[in-house]
Structures are given as structure tokens and as C-alpha cells.
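Colleague: What follows is entry-v4.txt, compact mmCIF, C-alpha atoms.
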```
# COMPACT_ATOMS: atom_id res chain seq x y z
CA MET A 1 -19.42 12.30 1.69
CA ALA A 2 -22.38 10.41 0.23
CA ASP A 3 -20.08 8.80 -2.34
CA MET A 4 -17.46 7.89 0.21
CA PRO A 5 -18.27 4.83 2.29
CA LEU A 6 -16.74 4.05 5.66
CA TRP A 7 -13.71 1.75 5.87
CA GLU A 8 -12.16 -0.02 8.86
CA VAL A 9 -8.38 0.20 9.15
CA PHE A 10 -6.06 -2.52 10.48
CA ILE A 11 -2.36 -1.86 11.04
CA ARG A 12 0.49 -4.26 11.74
CA ASN A 13 3.24 -2.57 13.73
CA GLN A 14 6.98 -3.11 13.43
CA ASN A 15 7.07 -6.03 15.86
CA GLY A 16 3.46 -7.09 15.53
CA LEU A 17 2.43 -10.51 14.41
CA HIS A 18 -1.03 -9.55 13.32
CA HIS A 19 -3.00 -6.54 12.10
CA LYS A 20 -4.93 -4.68 14.77
CA HIS A 21 -7.99 -2.53 14.30
CA VAL A 22 -7.02 1.12 14.78
CA GLY A 23 -10.02 3.09 13.56
CA SER A 24 -12.04 4.01 10.52
CA LEU A 25 -12.11 6.58 7.73
CA HIS A 26 -13.98 7.67 4.62
CA ALA A 27 -12.72 6.93 1.11
CA ALA A 28 -14.17 6.50 -2.38
CA ASP A 29 -12.24 3.35 -3.30
CA GLU A 30 -9.71 0.91 -1.88
CA LYS A 31 -6.69 2.81 -3.19
CA MET A 32 -7.87 6.01 -1.54
CA ALA A 33 -8.69 4.09 1.64
CA LEU A 34 -5.15 2.68 1.84
CA GLN A 35 -3.55 6.07 1.19
CA ASN A 36 -5.81 7.81 3.70
CA ALA A 37 -5.01 5.10 6.24
CA ARG A 38 -1.31 5.65 5.63
CA ASP A 39 -1.71 9.40 6.07
CA VAL A 40 -4.02 9.32 9.07
CA TYR A 41 -2.81 6.29 11.03
CA THR A 42 0.92 5.80 10.33
CA ARG A 43 2.27 9.34 10.79
CA ARG A 44 4.15 8.36 13.94
CA LYS A 45 5.71 5.10 12.75
CA GLU A 46 2.75 3.05 13.92
CA GLY A 47 2.99 0.45 11.24
CA VAL A 48 4.58 -1.42 8.36
CA SER A 49 1.47 -2.95 6.80
CA ILE A 50 -2.12 -1.81 6.31
CA TRP A 51 -5.38 -3.62 5.64
CA VAL A 52 -8.61 -1.80 4.87
CA VAL A 53 -12.08 -3.37 4.77
CA GLU A 54 -15.24 -1.62 3.79
CA SER A 55 -17.25 -1.42 7.00
CA CYS A 56 -20.38 -2.80 5.32
CA HIS A 57 -18.54 -6.11 4.80
CA ILE A 58 -18.08 -6.62 8.52
CA HIS A 59 -20.79 -8.67 10.21
CA ALA A 60 -21.01 -8.14 13.92
CA SER A 61 -22.48 -10.18 16.74
CA ASP A 62 -25.63 -8.74 18.30
CA PRO A 63 -24.90 -6.89 21.59
CA GLN A 64 -28.15 -8.32 22.95
CA ASP A 65 -26.66 -11.80 22.64
CA LYS A 66 -23.82 -10.90 24.97
CA ALA A 67 -25.04 -12.95 27.92
CA ALA A 68 -25.99 -15.99 25.85
CA TRP A 69 -22.84 -15.98 23.78
CA PHE A 70 -20.06 -14.98 26.12
CA GLU A 71 -21.00 -15.54 29.75
CA PRO A 72 -21.07 -19.35 29.52
CA ALA A 73 -17.26 -19.20 29.15
CA ASP A 74 -16.90 -17.48 32.52
CA ASP A 75 -17.00 -20.67 34.63
CA LYS A 76 -14.86 -22.85 32.33
CA ILE A 77 -11.41 -21.89 33.49
CA TYR A 78 -10.14 -25.35 32.56
CA ARG A 79 -10.11 -24.09 28.96
CA HIS A 80 -7.17 -21.80 29.74
CA PRO A 81 -3.84 -23.55 29.16
CA THR A 82 -2.54 -22.34 32.53
CA PHE A 83 -2.12 -25.84 33.90
CA TYR A 84 0.74 -26.71 31.56
CA ASP A 85 4.44 -25.95 31.84
CA LEU A 86 5.56 -24.18 28.70
CA PRO A 87 9.01 -24.86 27.28
CA ASP A 88 11.10 -21.66 27.09
CA GLU A 89 11.44 -22.04 23.33
CA VAL A 90 7.75 -21.32 22.80
CA LYS A 91 7.58 -17.58 22.33
CA ASN A 92 4.15 -16.65 21.10
CA ILE A 93 1.14 -18.14 22.79
CA MET B 1 26.59 15.61 6.53
CA ASN B 2 29.25 14.64 4.01
CA THR B 3 31.13 17.89 3.43
CA ALA B 4 33.17 16.74 0.43
CA VAL B 5 32.55 18.99 -2.56
CA PRO B 6 32.97 18.14 -6.23
CA ALA B 7 36.11 19.43 -7.91
CA GLN B 8 35.74 22.25 -10.42
CA THR B 9 32.65 23.73 -8.85
CA GLN B 10 32.40 27.16 -7.24
CA ALA B 11 30.87 27.59 -3.80
CA ALA B 12 28.56 30.30 -5.14
CA ASP B 13 27.28 27.93 -7.85
CA ARG B 14 26.59 25.18 -5.35
CA ARG B 15 24.81 27.64 -3.06
CA GLU B 16 22.65 28.93 -5.90
CA TYR B 17 21.71 25.46 -7.13
CA ALA B 18 20.76 24.25 -3.63
CA LEU B 19 18.67 27.42 -3.22
CA ARG B 20 16.70 26.66 -6.37
CA LEU B 21 15.89 23.17 -5.14
CA GLY B 22 15.24 24.26 -1.56
CA ASP B 23 13.04 27.21 -2.50
CA ASN B 24 10.83 25.03 -4.71
CA ALA B 25 10.27 22.69 -1.77
CA LEU B 26 9.78 25.53 0.74
CA ILE B 27 7.27 27.56 -1.24
CA LEU B 28 5.25 24.54 -2.36
CA GLY B 29 5.26 23.29 1.23
CA GLN B 30 4.07 26.68 2.47
CA ARG B 31 1.31 26.74 -0.15
CA LEU B 32 0.10 23.28 0.85
CA SER B 33 0.10 24.27 4.52
CA GLU B 34 -2.64 26.79 3.66
CA TRP B 35 -4.95 23.78 3.25
CA CYS B 36 -4.60 22.93 6.95
CA GLY B 37 -8.14 22.98 8.32
CA HIS B 38 -9.59 23.69 4.87
CA GLY B 39 -9.20 20.30 3.13
CA PRO B 40 -12.19 18.91 1.24
CA PHE B 41 -12.61 16.26 3.93
CA LEU B 42 -10.71 15.29 7.05
CA GLU B 43 -8.57 12.52 5.57
CA GLU B 44 -7.43 14.64 2.62
CA ASP B 45 -6.78 17.59 4.91
CA ILE B 46 -4.29 15.43 6.80
CA ALA B 47 -2.83 14.07 3.56
CA LEU B 48 -2.17 17.55 2.15
CA THR B 49 -0.54 18.78 5.34
CA ASN B 50 1.58 15.60 5.45
CA LEU B 51 2.84 16.51 1.98
CA SER B 52 3.48 20.02 3.22
CA LEU B 53 5.55 18.80 6.16
CA ASP B 54 7.56 16.48 3.90
CA LEU B 55 8.35 19.40 1.59
CA ILE B 56 9.31 21.75 4.42
CA GLY B 57 11.61 19.02 5.76
CA GLN B 58 13.21 18.72 2.31
CA ALA B 59 13.58 22.50 2.19
CA GLN B 60 15.36 22.47 5.53
CA LEU B 61 17.95 19.97 4.30
CA LEU B 62 18.50 21.78 1.00
CA LEU B 63 18.64 25.28 2.48
CA ASP B 64 21.04 24.17 5.21
CA LEU B 65 23.20 22.77 2.41
CA ALA B 66 22.98 26.08 0.55
CA ALA B 67 23.85 28.04 3.69
CA SER B 68 26.96 25.97 4.37
CA GLN B 69 28.70 26.59 1.03
CA VAL B 70 29.99 30.15 1.21
CA PRO B 71 32.08 31.14 4.25
CA ASP B 72 30.54 33.99 6.27
CA ASP B 73 27.24 33.77 4.40
CA PRO B 74 24.94 36.25 6.19
CA PHE B 75 22.19 33.64 5.75
CA SER B 76 24.02 31.07 7.85
CA ASP B 77 21.30 28.43 8.11
CA ALA B 78 17.99 27.27 6.64
CA ASP B 79 15.90 29.40 8.99
CA LYS B 80 17.69 32.60 8.05
CA LEU B 81 17.31 31.78 4.37
CA ALA B 82 13.62 31.02 4.77
CA TYR B 83 12.64 33.89 7.04
CA LEU B 84 14.97 36.76 6.24
CA ARG B 85 15.29 36.89 2.46
CA ASP B 86 13.15 39.19 0.34
CA ALA B 87 11.15 38.03 -2.68
CA HIS B 88 13.82 38.87 -5.27
CA GLN B 89 16.26 36.59 -3.43
CA PHE B 90 14.02 33.53 -3.80
CA ARG B 91 14.87 31.11 -6.60
CA ASN B 92 11.73 28.96 -6.83
CA ALA B 93 9.88 28.33 -10.07
CA LEU B 94 6.74 30.42 -10.57
CA LEU B 95 4.55 27.28 -10.65
CA VAL B 96 4.95 26.57 -6.94
CA GLU B 97 3.95 30.07 -5.83
CA GLN B 98 0.68 30.03 -7.78
CA PRO B 99 -2.39 30.22 -5.54
CA ASN B 100 -3.94 26.96 -4.37
CA GLY B 101 -7.15 27.73 -6.25
CA ASP B 102 -9.63 24.89 -5.89
CA PHE B 103 -8.67 21.32 -5.01
CA ALA B 104 -8.21 20.51 -8.72
CA HIS B 105 -5.62 23.30 -9.10
CA THR B 106 -3.74 22.11 -6.02
CA ILE B 107 -3.73 18.49 -7.17
CA LEU B 108 -2.67 19.32 -10.71
CA ARG B 109 0.16 21.61 -9.54
CA GLN B 110 1.24 18.89 -7.12
CA TYR B 111 1.23 16.16 -9.77
CA LEU B 112 3.25 18.26 -12.23
CA MET B 113 5.83 18.98 -9.51
CA ASP B 114 5.87 15.44 -8.12
CA VAL B 115 6.79 13.92 -11.49
CA HIS B 116 9.39 16.67 -12.02
CA ASP B 117 10.85 16.06 -8.56
CA GLU B 118 10.91 12.30 -9.03
CA LYS B 119 12.84 12.53 -12.30
CA LEU B 120 15.18 15.24 -11.03
CA TYR B 121 16.02 13.65 -7.69
CA SER B 122 16.44 10.21 -9.28
CA ALA B 123 19.21 11.79 -11.35
CA LEU B 124 20.60 13.77 -8.40
CA ALA B 125 20.87 10.55 -6.37
CA SER B 126 24.03 9.85 -8.39
CA SER B 127 25.33 13.43 -8.28
CA GLN B 128 29.06 13.95 -7.84
CA TRP B 129 28.19 16.20 -4.89
CA PRO B 130 27.89 13.62 -2.07
CA ALA B 131 25.82 15.77 0.31
CA LEU B 132 23.28 16.50 -2.41
CA ALA B 133 23.15 12.84 -3.50
CA ASP B 134 22.42 11.84 0.12
CA ILE B 135 19.54 14.31 0.33
CA ALA B 136 18.20 13.16 -3.05
CA ARG B 137 18.06 9.53 -1.95
CA LYS B 138 16.22 10.48 1.22
CA VAL B 139 13.62 12.74 -0.37
CA LEU B 140 12.91 10.32 -3.23
CA LYS B 141 11.05 8.02 -0.86
CA GLU B 142 8.71 10.85 0.08
CA ILE B 143 8.29 12.06 -3.48
CA ARG B 144 7.29 8.60 -4.74
CA TYR B 145 4.41 8.56 -2.29
CA HIS B 146 3.44 12.14 -3.18
CA LYS B 147 3.24 11.14 -6.83
CA GLN B 148 1.02 8.15 -6.09
CA HIS B 149 -1.32 10.38 -4.14
CA SER B 150 -1.53 13.24 -6.65
CA GLY B 151 -1.51 10.87 -9.65
CA ASP B 152 -4.47 8.89 -8.33
CA TRP B 153 -6.40 12.11 -7.70
CA LEU B 154 -5.55 13.37 -11.18
CA HIS B 155 -7.22 10.32 -12.67
CA ARG B 156 -10.11 10.36 -10.22
CA LEU B 157 -10.96 14.01 -10.84
CA GLY B 158 -10.44 13.77 -14.61
CA GLN B 159 -12.66 10.71 -14.94
CA GLY B 160 -15.02 11.69 -12.13
CA THR B 161 -18.03 13.94 -12.48
CA GLU B 162 -18.64 16.55 -15.14
CA GLU B 163 -17.76 19.21 -12.59
CA SER B 164 -14.53 17.61 -11.35
CA HIS B 165 -13.45 17.09 -14.97
CA ALA B 166 -14.20 20.71 -15.90
CA ARG B 167 -12.33 22.04 -12.85
CA LEU B 168 -9.28 19.89 -13.58
CA GLN B 169 -9.25 20.96 -17.24
CA LYS B 170 -9.41 24.59 -16.08
CA ALA B 171 -6.47 23.96 -13.74
CA LEU B 172 -4.48 22.45 -16.61
CA ASP B 173 -5.29 25.41 -18.87
CA ASP B 174 -4.17 27.80 -16.10
CA LEU B 175 -0.99 26.03 -15.00
CA TRP B 176 0.44 24.28 -18.04
CA PHE B 177 2.41 27.32 -19.19
CA TYR B 178 4.28 27.42 -15.91
CA THR B 179 5.87 24.01 -16.59
CA PRO B 180 8.54 24.91 -19.24
CA GLU B 181 10.34 27.00 -16.62
CA LEU B 182 10.99 23.85 -14.58
CA PHE B 183 13.31 22.59 -17.31
CA GLU B 184 15.08 25.80 -18.24
CA SER B 185 18.83 25.43 -18.33
CA ASP B 186 21.12 28.41 -17.84
CA ALA B 187 24.90 28.83 -17.54
CA LEU B 188 24.80 27.58 -13.94
CA ASN B 189 23.04 24.37 -14.99
CA GLN B 190 25.64 23.90 -17.71
CA ARG B 191 28.58 24.31 -15.35
CA LEU B 192 27.13 21.90 -12.79
CA GLN B 193 26.18 19.43 -15.48
CA GLU B 194 29.79 19.40 -16.73
CA ALA B 195 30.97 18.77 -13.17
CA GLY B 196 28.60 15.82 -12.83
CA VAL B 197 26.62 17.56 -10.08
CA ALA B 198 23.33 18.21 -11.90
CA PRO B 199 21.60 16.40 -14.77
CA ASP B 200 20.85 17.54 -18.31
CA MET B 201 17.48 19.27 -17.94
CA ALA B 202 16.49 18.40 -21.52
CA ASP B 203 16.74 14.76 -20.52
CA ILE B 204 14.66 15.36 -17.36
CA GLU B 205 12.04 17.14 -19.48
CA ARG B 206 11.83 14.18 -21.90
CA GLN B 207 11.31 11.78 -19.00
CA TRP B 208 8.71 14.12 -17.49
CA ARG B 209 6.75 14.49 -20.73
CA SER B 210 6.74 10.77 -21.41
CA GLU B 211 5.01 10.24 -18.07
CA VAL B 212 2.84 13.34 -17.69
CA GLU B 213 1.33 13.50 -21.16
CA PRO B 214 -0.12 9.96 -21.19
CA ALA B 215 -1.42 10.45 -17.64
CA ILE B 216 -3.20 13.63 -18.71
CA GLN B 217 -4.74 11.83 -21.67
CA GLN B 218 -5.83 8.91 -19.51
CA ALA B 219 -7.49 11.39 -17.18
CA GLY B 220 -9.55 12.48 -20.19
CA LEU B 221 -7.98 15.95 -20.43
CA ARG B 222 -6.62 17.80 -23.43
CA LEU B 223 -3.30 19.62 -23.36
CA PRO B 224 -3.58 23.35 -23.98
CA GLU B 225 -2.22 24.74 -27.23
CA SER B 226 1.28 26.06 -26.82
CA GLY B 227 1.59 29.78 -26.27
CA TRP B 228 2.75 32.09 -23.52
CA ARG B 229 5.20 30.57 -21.07
CA ALA B 230 6.18 31.77 -17.63
CA THR B 231 9.80 32.42 -16.72
CA GLY B 232 11.87 34.36 -14.22
CA GLY B 233 11.87 32.48 -10.92
CA LYS B 234 15.51 31.43 -11.12
CA LYS B 235 16.50 35.07 -11.54
CA GLY B 236 14.32 36.23 -8.66
CA HIS B 237 11.60 37.72 -10.89
CA HIS B 238 8.44 36.52 -9.19
CA SER B 239 4.72 36.98 -9.53
CA GLU B 240 2.95 39.20 -7.02
CA HIS B 241 1.87 36.07 -5.16
CA LEU B 242 5.27 35.43 -3.60
CA GLY B 243 5.19 38.67 -1.60
CA TYR B 244 1.96 37.63 0.08
CA ILE B 245 3.34 34.17 0.84
CA LEU B 246 6.45 35.67 2.45
CA ALA B 247 4.43 38.24 4.41
CA GLU B 248 2.60 35.39 6.11
CA MET B 249 5.52 32.97 6.36
CA GLN B 250 8.06 35.51 7.62
CA PHE B 251 5.86 37.72 9.81
CA LEU B 252 6.89 36.27 13.16
CA GLN B 253 10.66 36.36 12.56
CA ARG B 254 10.43 39.86 11.10
CA ALA B 255 8.36 41.20 13.99
CA TYR B 256 10.29 39.33 16.72
CA PRO B 257 13.81 38.68 15.35
CA GLY B 258 15.37 35.48 16.63
CA CYS B 259 12.16 34.42 18.35
CA GLU B 260 11.99 30.71 19.22
CA TRP B 261 9.01 28.72 20.42
```
Take the structure in this file and express it as C-alpha cells.

Modeller:
Amino acid sequence: MADMPLWEVFIRNQNGLHHKHVGSLHAADEKMALQNARDVYTRRKEGVSIWVVESCHIHASDPQDKAAWFEPADDKIYRHPTFYDLPDEVKNI
Amino acid sequence: MNTAVPAQTQAADRREYALRLGDNALILGQRLSEWCGHGPFLEEDIALTNLSLDLIGQAQLLLDLAASQVPDDPFSDADKLAYLRDAHQFRNALLVEQPNGDFAHTILRQYLMDVHDEKLYSALASSQWPALADIARKVLKEIRYHKQHSGDWLHRLGQGTEESHARLQKALDDLWFYTPELFESDALNQRLQEAGVAPDMADIERQWRSEVEPAIQQAGLRLPESGWRATGGKKGHHSEHLGYILAEMQFLQRAYPGCEW
């Protein structure tokens, strides 16, 4: 497995508007990663489109920053658009 | 299922032809299922067993078609054909019953069959036998993916390490002489070709060669010199391997007839 890096897999389902992370797998190149993703993650009609990204290309926030980064949003409920009446025609928000 | 049958064809001929197609899918599917839990790594293990399930599904359609041709056929459905026939009654090509060997052997055998199946079923999609044409159109989608998968591995192993290259070359040397049988044409093929049910196998072989030979060269392999060639599967003359496959595949139905689970 030394020659086969880890890849993250994102699948868009039949009615989905965006790709969602579903898991990871090992593959030697992007073609193999896409085929493996198809075989491992779409066996039960989970999707109609696949993205794969080599895991090393994903940069993550530091878990230790959790309080500094995310807790300040807790007391700013006015940022949620819950105070507006939405027209019925707006479907996806 | 569309039960219309092409004029000027005999039920026994249609049964026999569907058996040849169905048995190729069944035995190759059974072979691939042996990889379950033994794949070189988890993702490929799942990929190989996916291929296996596709092939067994194809076999079910084709063997049900075969079983429905002759009235009062003692093998009245796909399960009876799969589980209750003896080796000499199987009509698969010898290539598909060859042992899995190493991963290179399995991939090479798969690639050779995938290209064959793609060319054959592309032609059968416009067969004058509507039920067969329907099946051909359905299985083609699966076969096109199978060919991408095996074709990519062919190139990867051929152009990979010294060891993967040597193993793939060995597989080619071992299996190449089983391929002419895939394109053999007998009196049955001729009759069904005249009725517009089955294609000219010489034409399928030309299409197959024009795709397989360049792919083998691009994988850095050399074709073996021509020599001995395997034959006999269509007549029920099989290698000793088929008996072992059937012993495992049929054990449960033989020991507990009619058992369902």
C-alpha cells in the first residue's frame, strides 16, 4: 500500500445539489481512485457523480482552534436569516 | 420479456446459443467470486466481486432465456441449468474456466473476455431475436465498465514494475491460446447468422484483434508465437477445472435439492 496514497471521495446523489464527503480509499492514481470510488461507494445507487481528491491536498483547521474559531458565532443569532419571510418560489436556501 | 422469436430458427438452436452466452457469464462470474476476501487490497476485492455479481446477473437472464425455448425442458429455469447440469452439458469457452492464477492472470483473462463481450453484445443489440437484443443492450452498460477497469489494470501492470510486467507476460503466454475458441463458428452459428440472430464471428474477431493487439503492445507485452490452440467448450469438452468449479458451485443444490435460503 506504500505506493497507494489515500483519497477522499465525494458523491453527488440523484437529487443532490452538491457533492458530499462519503469516505476515503486507497488508489495509485486518479483513474483508479474514481473506479474504486464507483465500486465501493455507489453499489446501492448512492450517486450520479463522483469527485476524488488526494487527502494530502486537503488542509484542515486545527482542532485546538475550535473555541477561538467557532464559538464566537454562538451568540450571533442575528446572522441566521430566520427573521425574513421567504417567498414560496425560493426552493433551496 | 419479449417472447417473439425470429422466423426460421429452431427452438433447440436458440436454447443452445443462449446457453453458450449464459455459461460464459456464469463460469467467469463464479471464477471471479473466488476472489471474495482474497483481493490484493480491499477496494479491488470489492471491484472484482462487483464484476462477478454483474456476470452472474447476466447469466441469470441468458439462462432463463435458454430455459424458456423448448417446451417441457427438464431444466426449466436458470437455477436448474446452473445447479443441475453436469460438466459435459456446459457450453462455456475454456478460457473462462481457467484458474484465477495470480492477479495478472485474472486481469488478463478479464480484459480478453471484456473486449470480446463488448464487440459481441454490441452486435447482438440489433439481433432479430428481440429478447436477446434486450438483454444485450442491458449487459453492454456493465461490460463497458468492466473493460475500463480491466483495460486500465492491463496497462498499469504491463508498464508497472519489473515483477508486474513479468507476471502479466506470463499470463498472456498462458492464456493467449484460449482466445481463438471465442471466435469459432460452427453450423449453429451459421444458421443463426443467416436468420439475423447472431453476428459473423470472423467480423467480431477482427474488431477484437484491432483493439486487443494495440492495447497489448501499449502495455509493453509481446504476443506469443502462434501454436497450440484450445477448443472444445461449445461441444461440452472441458478441462479438468470445470468439474472442480461445479463441485463447489453446485454442492448445496445437489446435497439439499430445492433448498432455498

Colleague: For the point (26.7, 14.5, 0.2) in the file's frame, write as a list in words all residues with an atom no more than 8 Å away, counting all atoms listed in the file.

Modeller: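 Checking each residue against the 8 Å limit leaves Met1, Asn2, Thr3, Ala4, Val5, Trp129, Pro130, Ala131, Leu132, Ala133, Asp134 and Ile135 of chain B.
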
Colleague: What does the distance between CA of Ala125 in chain B and CA of Trp176 in chain B come to in Å, to one decimal place?

Modeller: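 Pair CA of Ala125 in chain B / CA of Trp176 in chain B returns 27.2 Å.
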
Colleague: With all atoms listed in the file considered, list every residue of chain A at most 9 Å from chain B, as a list in words.

Modeller: Met1, Leu25, His26, Ala27, Lys31, Met32, Gln35, Asn36, Ala37, Arg38, Asp39, Val40 and Arg43 of chain A

Colleague: Write to file, as a PDB file, keeping the file's coordinate frame, the residues of the selection just made, with C-alpha atoms.

Modeller:
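Saved the output as part.pdb:
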```pdb
ATOM      1  CA  MET A   1     -19.420  12.300   1.690  1.00  0.00           C
ATOM      2  CA  LEU A  25     -12.110   6.580   7.730  1.00  0.00           C
ATOM      3  CA  HIS A  26     -13.980   7.670   4.620  1.00  0.00           C
ATOM      4  CA  ALA A  27     -12.720   6.930   1.110  1.00  0.00           C
ATOM      5  CA  LYS A  31      -6.690   2.810  -3.190  1.00  0.00           C
ATOM      6  CA  MET A  32      -7.870   6.010  -1.540  1.00  0.00           C
ATOM      7  CA  GLN A  35      -3.550   6.070   1.190  1.00  0.00           C
ATOM      8  CA  ASN A  36      -5.810   7.810   3.700  1.00  0.00           C
ATOM      9  CA  ALA A  37      -5.010   5.100   6.240  1.00  0.00           C
ATOM     10  CA  ARG A  38      -1.310   5.650   5.630  1.00  0.00           C
ATOM     11  CA  ASP A  39      -1.710   9.400   6.070  1.00  0.00           C
ATOM     12  CA  VAL A  40      -4.020   9.320   9.070  1.00  0.00           C
ATOM     13  CA  ARG A  43       2.270   9.340  10.790  1.00  0.00           C
TER      14      ARG A  43
END
```

Colleague: Would you mind reading off the distance between CA of Arg209 in chain B and CA of Thr179 in chain B, one decimal, in Å?

Modeller: 10.4 Å

Colleague: In Å to one decimal, how far is CA of Val115 in chain B from CA of His146 in chain B?

Modeller: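 A separation of 9.1 Å between them.
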
Colleague: Can you pull out the residues contacting range 15-27 of chain B? Cut-off 6 Å, using all atoms listed in the file, and skip same-chain residues under 3 positions away; I want them as a PyMOL selection string.

Modeller: chain B and resi 12+30+55-56+59+62-63+66+69+91-92

Colleague: Neighbouring residues of Ala28 in chain A were defined as those with any atom within 8 Å, considering all atoms listed in the file; residues of the same chain fewer than 2 positions away were excluded. Please report them as a ChimeraX atom specification.

Modeller: /A:3-5,26,30,32-33

Colleague: With all atoms listed in the file counted, which protein, DNA or RNA residues have an atom no more than 8 Å from (3.9, 20.0, -3.8) in the file frame? Please answer as a PyMOL selection string.

Modeller: chain B and resi 25+28-29+32+51-52+55+96+109-111+113-114+146
